[in-house]
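Okay, so here's the structure we're looking at.
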Amino acid sequence: MMPVTAQYLLRFDDLCPTLLRRRWERFVPLIEQFGIRPILAVVPDNMDRELNVSRPDPAFWEQMRALETAGATIALHGYRHVCKSSGESFVPLHRHSEFSGVPEETQRAWIHAGLEILRGHGLNPRVFVAPRHGFDHATLLALREEGIGLVSDGFARVPFKRDGIIWIPQQLWAPVEKSKGLWTICIHSNAAATRWWMRYAISLKFMRRSSLQWSVWSANGTRRG
């Protein structure tokens, strides 16, 4: 079912203890000011050198727990974020990814290990976010077996169900005013320089004045794809 008015989700990717904290911390007050309940896509065991941009923050996991308690949804953002596989993905936006084309047993082991790490830090991951949008049938099978029934990806305007998994679409990388549908805006805080942060802040204020609702989508009324 199409929402009568546009609904938005904000998703933060590449969250890990070695993120660029000064850029991430700019967004935290916006989350609190506008009552946003974002998807926080957390890398369980980061081994991606591009995400290793600062010393490990000892308060990172505590902050993730606090944000989840305040209403955020924790997402499993792959396993180690090492994107070397060239397999075909459902969402073919990148040539290389972490999961697409990887043997099913390996994917299952990575997903299980990633979930155990996040849960070991007191988090409750409920969504899967594939690094570089790379995932395939084997990924969805492993997610179902591990009890994860939601992925955040795809370019539809409403959630839909495919291979036993509910897909919550993710179509935007910056705030854009829409009239209908569910729109997920993906933010990589490490790459959000000052001019980008200001754009987000101004856009959020505009959307608030326009009565566009920031809310967590329950995924009810999904269509089948």
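Residues are referred to by chain and number: the chain letter is A, B, ... according to the order shown in the structure tokens, the number counts from 1 in that chain, and ligands are numbered separately from 1 in the order shown.
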
Those of segment 4-208 of chain A in DSSP helix (DSSP H, G or I), formatted as JSON, numbers by chain: {"A": [21, 22, 23, 24, 25, 26, 27, 28, 29, 30, 31, 32, 33, 49, 50, 51, 60, 61, 62, 63, 64, 65, 66, 67, 68, 69, 104, 105, 106, 107, 108, 109, 110, 111, 112, 113, 114, 115, 116, 117, 118, 119, 120, 131, 132, 133, 137, 138, 139, 140, 141, 142, 143, 144, 145, 189, 190, 191, 194, 195, 196, 197, 198, 199, 200, 201, 202, 203, 204, 205, 206, 207, 208]}

What's around Asn124 of chain A at 9 Å? Count only C-alpha atoms, leave out sequence neighbours fewer than 3 positions away in its own chain, and write the answer as a list in words.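 With the cut-off at 9 Å, the set is Arg65, Glu68, Thr73, Ile74, Ala75, Leu115, Leu118 and Arg119 of chain A.
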
List the spatial neighbours of Thr184 of chain A as a ChimeraX atom specification - criterion: any atom at most 9 Å away, only C-alpha atoms, same-chain residues fewer than 3 positions off excluded. /A:7-11,152-153,168-173

Give me a file of those residues, with N, CA, C and O atoms, as a compact mmCIF listing (two decimals), in the first residue's frame.
# COMPACT_ATOMS: atom_id res chain seq x y z
N GLN A 7 6.74 9.40 3.19
CA GLN A 7 7.41 9.06 4.43
C GLN A 7 8.90 8.86 4.15
O GLN A 7 9.27 8.43 3.06
N TYR A 8 9.71 9.18 5.14
CA TYR A 8 11.15 9.16 4.94
C TYR A 8 11.84 8.36 6.03
O TYR A 8 11.44 8.39 7.19
N LEU A 9 12.87 7.67 5.62
CA LEU A 9 13.80 7.04 6.55
C LEU A 9 15.18 7.60 6.27
O LEU A 9 15.55 7.83 5.12
N LEU A 10 15.93 7.80 7.32
CA LEU A 10 17.32 8.23 7.19
C LEU A 10 18.20 7.05 7.56
O LEU A 10 18.01 6.44 8.62
N ARG A 11 19.14 6.71 6.69
CA ARG A 11 20.03 5.57 6.94
C ARG A 11 21.48 6.04 6.93
O ARG A 11 21.92 6.67 5.97
N SER A 152 17.42 -3.33 3.51
CA SER A 152 17.23 -1.95 3.10
C SER A 152 17.95 -1.76 1.77
O SER A 152 19.17 -1.60 1.73
N ASP A 153 17.17 -1.79 0.68
CA ASP A 153 17.75 -1.63 -0.66
C ASP A 153 16.65 -1.69 -1.70
O ASP A 153 15.52 -2.07 -1.40
N ILE A 168 12.91 -2.90 2.06
CA ILE A 168 12.57 -1.51 2.31
C ILE A 168 13.42 -0.68 1.35
O ILE A 168 14.64 -0.64 1.48
N PRO A 169 12.82 -0.05 0.36
CA PRO A 169 13.61 0.58 -0.70
C PRO A 169 14.53 1.69 -0.18
O PRO A 169 14.22 2.37 0.80
N GLN A 170 15.66 1.84 -0.86
CA GLN A 170 16.61 2.93 -0.58
C GLN A 170 16.99 3.55 -1.91
O GLN A 170 17.69 2.94 -2.72
N GLN A 171 16.50 4.78 -2.14
CA GLN A 171 16.61 5.37 -3.46
C GLN A 171 17.33 6.71 -3.51
O GLN A 171 17.62 7.23 -4.59
N LEU A 172 17.58 7.31 -2.35
CA LEU A 172 18.11 8.68 -2.33
C LEU A 172 19.41 8.76 -1.54
O LEU A 172 19.64 7.98 -0.62
N TRP A 173 20.23 9.74 -1.92
CA TRP A 173 21.48 10.01 -1.20
C TRP A 173 21.52 11.46 -0.70
O TRP A 173 22.53 11.93 -0.22

Figure out the distance between atom CA of Val43 of chain A and atom CA of Trp167 of chain A, please, to one decimal in Å. 19.7 Å

Length of the atom CA of Val129 of chain A to atom CA of Leu40 of chain A vector [Å]: 9.4 Å

Taking the DSSP secondary structure from the backbone, can you list the residues of segment 16-50 of chain A that are strand (DSSP E), as a PDB file with N, CA, C and O atoms, in the first residue's frame?
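Output file states.pdb follows:
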ATOM      1  N   ILE A  39      17.935   4.308  10.516  1.00  0.00           N
ATOM      2  CA  ILE A  39      18.584   3.002  10.400  1.00  0.00           C
ATOM      3  C   ILE A  39      20.083   3.249  10.548  1.00  0.00           C
ATOM      4  O   ILE A  39      20.658   4.058   9.817  1.00  0.00           O
ATOM      5  N   LEU A  40      20.699   2.554  11.482  1.00  0.00           N
ATOM      6  CA  LEU A  40      22.139   2.675  11.709  1.00  0.00           C
ATOM      7  C   LEU A  40      22.799   1.404  11.186  1.00  0.00           C
ATOM      8  O   LEU A  40      22.666   0.335  11.782  1.00  0.00           O
ATOM      9  N   ALA A  41      23.474   1.518  10.050  1.00  0.00           N
ATOM     10  CA  ALA A  41      24.096   0.361   9.408  1.00  0.00           C
ATOM     11  C   ALA A  41      25.517   0.212   9.955  1.00  0.00           C
ATOM     12  O   ALA A  41      26.427   0.961   9.579  1.00  0.00           O
ATOM     13  N   VAL A  42      25.693  -0.778  10.832  1.00  0.00           N
ATOM     14  CA  VAL A  42      26.937  -0.942  11.579  1.00  0.00           C
ATOM     15  C   VAL A  42      27.756  -2.092  11.000  1.00  0.00           C
ATOM     16  O   VAL A  42      27.236  -3.202  10.793  1.00  0.00           O
TER      17      VAL A  42
END
